[in-house]
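Data block for entry11.txt (compact mmCIF, C-alpha atoms):
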```
# COMPACT_ATOMS: atom_id res chain seq x y z
CA MET Q 1 32.48 -0.92 -2.85
CA PRO Q 2 35.27 0.79 -0.89
CA ALA Q 3 38.68 0.41 -2.52
CA ASN Q 4 42.10 0.57 -0.91
CA ILE Q 5 43.82 3.42 -2.74
CA LEU Q 6 47.48 4.38 -2.49
CA LEU Q 7 47.83 8.13 -3.04
CA VAL Q 8 51.36 9.21 -3.99
CA GLU Q 9 51.44 13.02 -3.93
CA ASP Q 10 54.15 15.27 -2.48
CA GLU Q 11 52.16 18.53 -2.14
CA PRO Q 12 50.48 18.40 1.31
CA ALA Q 13 47.49 20.59 0.42
CA ILE Q 14 46.66 18.59 -2.71
CA GLN Q 15 47.24 15.32 -0.88
CA GLU Q 16 44.85 16.35 1.89
CA LEU Q 17 42.18 17.53 -0.55
CA ILE Q 18 42.29 14.33 -2.60
CA ALA Q 19 42.35 12.07 0.47
CA ALA Q 20 39.38 13.87 2.03
CA ASN Q 21 37.28 13.53 -1.13
CA LEU Q 22 38.17 9.87 -1.61
CA ALA Q 23 37.31 9.12 2.02
CA ARG Q 24 34.00 10.93 1.53
CA ALA Q 25 33.35 8.64 -1.45
CA GLY Q 26 33.89 5.64 0.84
CA HIS Q 27 37.43 4.66 -0.12
CA HIS Q 28 40.29 3.85 2.25
CA VAL Q 29 43.33 5.99 1.45
CA VAL Q 30 46.98 5.30 2.29
CA ARG Q 31 49.30 8.22 1.61
CA ALA Q 32 52.90 8.53 0.46
CA SER Q 33 54.90 11.64 -0.45
CA ASP Q 34 57.57 9.92 -2.53
CA ALA Q 35 58.16 6.78 -4.56
CA GLU Q 36 60.40 5.14 -1.95
CA THR Q 37 57.69 5.35 0.73
CA ALA Q 38 55.11 4.13 -1.78
CA GLN Q 39 57.32 1.16 -2.64
CA ARG Q 40 57.50 0.14 1.02
CA ILE Q 41 53.72 0.38 1.36
CA VAL Q 42 53.17 -1.77 -1.72
CA ARG Q 43 55.70 -4.29 -0.40
CA ASP Q 44 53.57 -4.74 2.73
CA ALA Q 45 50.14 -4.89 1.06
CA LEU Q 46 48.81 -4.46 -2.47
CA PRO Q 47 46.37 -1.57 -2.99
CA ASP Q 48 43.38 -1.83 -5.31
CA LEU Q 49 44.57 1.26 -7.21
CA VAL Q 50 47.44 3.76 -7.22
CA LEU Q 51 46.92 7.51 -7.72
CA LEU Q 52 50.35 8.68 -8.77
CA ASP Q 53 51.73 12.19 -9.17
CA TRP Q 54 54.18 12.52 -12.06
CA MET Q 55 56.57 14.95 -10.36
CA LEU Q 56 57.89 13.54 -7.08
CA PRO Q 57 61.06 14.15 -5.06
CA GLY Q 58 63.67 11.51 -5.84
CA ALA Q 59 62.32 8.89 -8.25
CA SER Q 60 59.54 10.27 -10.47
CA GLY Q 61 56.04 8.89 -10.73
CA ILE Q 62 56.94 7.52 -14.17
CA ASP Q 63 59.87 5.61 -12.64
CA PHE Q 64 57.61 4.18 -9.94
CA ALA Q 65 54.98 3.18 -12.51
CA ARG Q 66 57.66 1.36 -14.51
CA ARG Q 67 58.76 -0.43 -11.35
CA LEU Q 68 55.21 -1.58 -10.64
CA ARG Q 69 54.68 -2.83 -14.17
CA ALA Q 70 58.02 -4.69 -14.22
CA ASP Q 71 57.19 -6.74 -11.10
CA GLU Q 72 54.83 -9.69 -11.61
CA ARG Q 73 53.37 -9.17 -8.13
CA THR Q 74 52.36 -5.54 -8.82
CA ARG Q 75 51.89 -5.64 -12.60
CA ALA Q 76 48.09 -5.72 -12.50
CA ILE Q 77 47.57 -2.84 -10.04
CA PRO Q 78 45.56 -0.08 -11.80
CA ILE Q 79 47.44 3.24 -11.99
CA ILE Q 80 46.01 6.73 -12.55
CA MET Q 81 48.59 9.44 -13.20
CA LEU Q 82 48.01 12.90 -11.71
CA THR Q 83 49.99 15.70 -13.31
CA ALA Q 84 50.07 19.32 -14.38
CA ARG Q 85 51.71 18.26 -17.65
CA GLY Q 86 48.86 18.35 -20.14
CA GLU Q 87 50.64 18.14 -23.50
CA GLU Q 88 49.65 15.22 -25.72
CA GLN Q 89 53.18 13.78 -25.78
CA ASP Q 90 53.21 13.72 -21.96
CA LYS Q 91 49.90 11.86 -21.87
CA VAL Q 92 51.14 9.37 -24.43
CA HIS Q 93 54.34 8.87 -22.43
CA GLY Q 94 52.38 8.27 -19.23
CA LEU Q 95 50.01 5.79 -20.85
CA GLU Q 96 52.82 3.96 -22.62
CA THR Q 97 54.58 3.59 -19.28
CA GLY Q 98 51.61 1.58 -18.07
CA ALA Q 99 49.16 4.08 -16.58
CA ASP Q 100 45.49 3.15 -17.02
CA ASP Q 101 44.34 6.77 -17.03
CA TYR Q 102 45.84 10.25 -16.97
CA ILE Q 103 44.25 13.23 -15.20
CA THR Q 104 45.58 16.74 -15.70
CA LYS Q 105 45.61 19.16 -12.77
CA PRO Q 106 43.49 20.99 -11.82
CA PHE Q 107 40.61 18.51 -11.80
CA SER Q 108 37.33 18.28 -9.95
CA PRO Q 109 36.88 15.75 -7.11
CA ARG Q 110 33.79 14.38 -8.88
CA GLU Q 111 35.79 13.73 -12.04
CA LEU Q 112 38.50 11.95 -10.05
CA VAL Q 113 36.00 9.69 -8.26
CA ALA Q 114 34.31 8.89 -11.59
CA ARG Q 115 37.65 8.06 -13.24
CA ILE Q 116 38.58 5.79 -10.33
CA LYS Q 117 35.28 3.96 -10.63
CA ALA Q 118 35.76 3.52 -14.38
CA VAL Q 119 39.29 2.17 -14.02
CA LEU Q 120 38.30 -0.22 -11.24
CA ARG Q 121 35.35 -1.49 -13.28
CA ARG Q 122 37.71 -2.18 -16.16
CA ARG Q 123 40.79 -3.48 -14.36
CA ALA Q 124 39.59 -4.65 -10.93
CA PRO Q 125 35.86 -5.46 -11.19
CA GLN Q 126 35.96 -7.30 -7.85
CA ALA Q 127 36.58 -3.90 -6.19
CA THR Q 128 33.30 -2.41 -7.46
CA GLU Q 129 29.67 -2.72 -6.34
CA ASP Q 130 28.43 -3.80 -9.78
CA PRO Q 131 26.30 -6.98 -9.70
CA VAL Q 132 27.71 -9.93 -11.63
CA GLU Q 133 25.55 -12.44 -13.53
CA LEU Q 134 27.06 -15.54 -15.07
CA GLY Q 135 26.08 -19.14 -15.60
CA GLY Q 136 22.69 -18.67 -13.94
CA LEU Q 137 24.14 -17.10 -10.81
CA ARG Q 138 23.73 -13.49 -9.73
CA LEU Q 139 26.07 -11.96 -7.14
CA ASP Q 140 25.30 -8.51 -5.71
CA PRO Q 141 28.22 -7.04 -3.72
CA GLU Q 142 26.10 -4.18 -2.37
CA THR Q 143 23.48 -6.42 -0.73
CA HIS Q 144 25.89 -9.32 -0.24
CA ARG Q 145 23.45 -11.75 -1.85
CA VAL Q 146 23.93 -14.65 -4.25
CA THR Q 147 20.88 -15.97 -6.07
CA ALA Q 148 20.12 -18.62 -8.67
CA GLY Q 149 16.86 -17.49 -10.22
CA GLU Q 150 14.51 -17.04 -7.26
CA GLN Q 151 16.62 -19.24 -5.00
CA ALA Q 152 18.84 -17.48 -2.44
CA LEU Q 153 22.14 -19.17 -1.62
CA SER Q 154 23.93 -18.86 1.71
CA LEU Q 155 27.67 -18.14 1.56
CA GLY Q 156 30.16 -17.26 4.26
CA PRO Q 157 32.14 -14.02 3.88
CA THR Q 158 35.29 -15.70 2.54
CA GLU Q 159 33.33 -17.86 0.11
CA PHE Q 160 31.46 -14.74 -1.06
CA ARG Q 161 34.73 -12.89 -1.77
CA LEU Q 162 36.14 -15.97 -3.49
CA LEU Q 163 33.08 -16.34 -5.71
CA HIS Q 164 33.06 -12.61 -6.46
CA PHE Q 165 36.66 -12.70 -7.65
CA LEU Q 166 36.16 -15.84 -9.74
CA MET Q 167 32.96 -14.52 -11.34
CA THR Q 168 34.58 -11.20 -12.26
CA HIS Q 169 37.47 -13.08 -13.91
CA PRO Q 170 35.64 -15.91 -15.72
CA GLU Q 171 37.46 -18.57 -17.72
CA ARG Q 172 40.82 -17.55 -16.26
CA VAL Q 173 42.80 -20.09 -14.28
CA HIS Q 174 44.06 -18.81 -10.94
CA SER Q 175 46.67 -20.56 -8.85
CA ARG Q 176 46.22 -20.98 -5.12
CA ALA Q 177 48.85 -18.29 -4.52
CA GLN Q 178 47.03 -15.84 -6.81
CA LEU Q 179 43.71 -16.49 -5.06
CA LEU Q 180 45.33 -15.96 -1.67
CA ASP Q 181 46.72 -12.61 -2.84
CA GLN Q 182 43.46 -11.43 -4.40
CA VAL Q 183 40.91 -12.75 -1.90
CA TRP Q 184 42.76 -12.91 1.40
CA GLY Q 185 45.35 -10.20 0.68
CA ASP Q 186 49.04 -10.79 0.00
CA HIS Q 187 49.94 -9.52 3.48
CA VAL Q 188 48.01 -12.38 5.11
CA PHE Q 189 50.16 -15.44 5.67
CA VAL Q 190 48.10 -18.63 5.41
CA GLU Q 191 48.83 -21.96 3.78
CA GLU Q 192 47.89 -22.38 0.12
CA ARG Q 193 45.81 -25.45 1.01
CA THR Q 194 43.46 -23.07 2.81
CA VAL Q 195 42.15 -22.20 -0.66
CA ASP Q 196 41.13 -25.83 -1.21
CA VAL Q 197 39.07 -25.81 1.99
CA HIS Q 198 37.16 -22.71 0.96
CA ILE Q 199 36.68 -23.98 -2.60
CA ARG Q 200 35.00 -27.07 -1.11
CA ARG Q 201 32.81 -24.86 1.09
CA LEU Q 202 31.92 -22.71 -1.90
CA ARG Q 203 30.91 -25.73 -3.94
CA CYS Q 204 28.80 -27.01 -1.05
CA ALA Q 205 27.03 -23.65 -0.90
CA LEU Q 206 26.32 -23.81 -4.65
CA GLU Q 207 25.13 -27.43 -4.64
CA PRO Q 208 21.46 -26.68 -3.73
CA SER Q 209 21.03 -24.84 -7.06
CA MET Q 210 23.31 -27.29 -8.93
CA HIS Q 211 25.86 -24.58 -9.76
CA ASP Q 212 28.81 -26.17 -7.95
CA ALA Q 213 30.22 -27.47 -11.28
CA LEU Q 214 30.87 -23.86 -12.36
CA VAL Q 215 33.82 -23.78 -9.96
CA GLN Q 216 36.29 -25.99 -11.79
CA THR Q 217 39.61 -27.50 -10.81
CA VAL Q 218 42.39 -27.28 -13.38
CA ARG Q 219 44.78 -30.06 -12.46
CA GLY Q 220 48.25 -28.78 -11.61
CA SER Q 221 47.26 -25.13 -12.12
CA GLY Q 222 44.44 -24.00 -9.82
CA TYR Q 223 40.79 -23.05 -10.19
CA ARG Q 224 38.52 -21.20 -12.58
CA PHE Q 225 34.88 -20.15 -12.85
CA SER Q 226 33.40 -21.25 -16.16
CA ALA Q 227 29.93 -21.63 -17.61
CA GLN Q 228 31.42 -24.08 -20.13
CA PRO Q 229 31.28 -27.80 -19.28
CA ASP Q 230 34.47 -29.03 -17.67
CA GLN Q 231 35.98 -31.74 -19.89
CA SER Q 232 38.80 -32.61 -17.50
CA PRO Q 233 38.58 -35.50 -14.99
CA ALA Q 234 36.77 -34.50 -11.82
CA VAL Q 235 39.10 -33.42 -9.05
CA ARG Q 236 37.58 -32.34 -5.78
```
File written out as structure tokens:
Amino acid sequence: MPANILLVEDEPAIQELIAANLARAGHHVVRASDAETAQRIVRDALPDLVLLDWMLPGASGIDFARRLRADERTRAIPIIMLTARGEEQDKVHGLETGADDYITKPFSPRELVARIKAVLRRRAPQATEDPVELGGLRLDPETHRVTAGEQALSLGPTEFRLLHFLMTHPERVHSRAQLLDQVWGDHVFVEERTVDVHIRRLRCALEPSMHDALVQTVRGSGYRFSAQPDQSPAVR
């Protein structure tokens, strides 16, 4: 599944090479040459992943990574550090700062794409094409199909994205604001009650296979996807 990747790299030739290979792999790339520009981009819209050069003009990549990890809004964004600094202590420093992976230059485009896929699978599974099976439901992002055994279920595009996110983060409670950020995008300004409308539509779509109870309301907190019976009073 195409991911929105923020590439922060100040060397034009390397930036162009990386962007071209990521686009060829199907990803959408937004570029920045310094941390300040990258910060403005992130302020407008959250990327699925950040590819971050260590050595940048002005604030370093390490400083920018710390900034992302210190902000609750950006804390969960996967970060892959790109650097020519290959000593073990540098790698440890980068990972301790909050990077999810560390790639030493020079590297092959195939290795980079594979590392991105691995990090997304681990940190942002909703941004991958991997099928998800849970609670008797199977969701396939590549074919855009949801099935319960042999029964195909019909979901609208927003309900599909909502179910995909919930199924890839099972048992976790997500507030309406968090679901808006993750499913609609934090740059889209809609009322939080919009989530309730789409939750109802999602449950209606799951009713024919009797899987609507998997989408649970947690009173005062939000919603979760759980294969465990909901013991709380029904709230619809």
Nearest to Ala114 of chain Q, chosen from Q:Asn21, Q:Thr37, Q:Thr158, Q:Ser221, with only C-alpha atoms counted in the distances: Q:Asn21
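Nearest residue to Val42 of chain Q, choosing from Q:Phe64, Q:Trp184, Q:Phe225, Q:Tyr102 and counting only C-alpha atoms: Q:Phe64.
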Could you pull the residues within 10 Å of Thr194 of chain Q, counting all atoms listed in the file, minus those fewer than 4 positions along the same chain, as a PDB file with C-alpha atoms, keeping the file's coordinate frame?
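Once everything was written out, this is result.pdb:
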```pdb
ATOM      1  CA  ARG Q 176      46.220 -20.980  -5.120  1.00  0.00           C
ATOM      2  CA  LEU Q 180      45.330 -15.960  -1.670  1.00  0.00           C
ATOM      3  CA  VAL Q 190      48.100 -18.630   5.410  1.00  0.00           C
ATOM      4  CA  HIS Q 198      37.160 -22.710   0.960  1.00  0.00           C
ATOM      5  CA  ILE Q 199      36.680 -23.980  -2.600  1.00  0.00           C
TER       6      ILE Q 199
END
```
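Straight-line separation from atom CA of Ile103 of chain Q to atom CA of Pro131 of chain Q: 27.6 Å.
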Can you pull out the residues contacting Glu9 of chain Q? Cut-off 6 Å, using all atoms listed in the file, and skip same-chain residues under 3 positions away; I want them as a ChimeraX atom specification. /Q:15,33,53
What does the distance from atom CA of Leu6 of chain Q to atom CA of Pro47 of chain Q come to in Å, to one decimal? 6.1 Å
Neighbouring residues of Arg224 of chain Q were defined as those with any atom within 8 Å, considering only C-alpha atoms; residues of the same chain fewer than 4 positions away were excluded. Please report them as a PyMOL selection string. chain Q and resi 166+170-174+215-218
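If you look at atom CA of Thr143 of chain Q and atom CA of Ile116 of chain Q, they are 21.7 Å away from each other.
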Neighbouring residues of Arg161 of chain Q were defined as those with any atom within 9 Å, considering all atoms listed in the file; residues of the same chain fewer than 3 positions away were excluded. Please report them as a list of chain:residue names. Q:Gln126, Q:Pro141, Q:Gly156, Q:Pro157, Q:Thr158, Q:His164, Q:Phe165, Q:Leu166, Q:Val183, Q:Trp184
Put those residues in a file: C-alpha atoms, as a PDB file, keeping the file's coordinate frame.
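Written file, result.pdb:
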```pdb
ATOM      1  CA  GLN Q 126      35.960  -7.300  -7.850  1.00  0.00           C
ATOM      2  CA  PRO Q 141      28.220  -7.040  -3.720  1.00  0.00           C
ATOM      3  CA  GLY Q 156      30.160 -17.260   4.260  1.00  0.00           C
ATOM      4  CA  PRO Q 157      32.140 -14.020   3.880  1.00  0.00           C
ATOM      5  CA  THR Q 158      35.290 -15.700   2.540  1.00  0.00           C
ATOM      6  CA  HIS Q 164      33.060 -12.610  -6.460  1.00  0.00           C
ATOM      7  CA  PHE Q 165      36.660 -12.700  -7.650  1.00  0.00           C
ATOM      8  CA  LEU Q 166      36.160 -15.840  -9.740  1.00  0.00           C
ATOM      9  CA  VAL Q 183      40.910 -12.750  -1.900  1.00  0.00           C
ATOM     10  CA  TRP Q 184      42.760 -12.910   1.400  1.00  0.00           C
TER      11      TRP Q 184
END
```
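Remark: for Leu7 of chain Q, the closest of the candidate residues Q:Arg24, Q:Arg69, Q:Arg115, Q:Arg31 is Q:Arg31 (distances computed over all atoms listed in the file).
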List as number ranges by chain the residues having at least one atom at most 12 Å from position (50.6, 11.8, -12.8) as given in the file, counting all atoms listed in the file. Q: 7-10, 50-56, 60-65, 79-86, 90-95, 97-106
I need every residue sitting at most 12 Å from the point (53.3, -3.6, 2.8) (coordinates as in the file, only C-alpha atoms considered), written as a VMD selection string. chain Q and resid 6 30 37 to 47 74 185 to 188
Go through Q:Tyr223, Q:Glu142, Q:Leu162, Q:Ala152 one by one, measure the shortest atom-to-atom distance of each to Ser175 of chain Q using all atoms listed in the file, and give the residue with the smallest value. Q:Tyr223
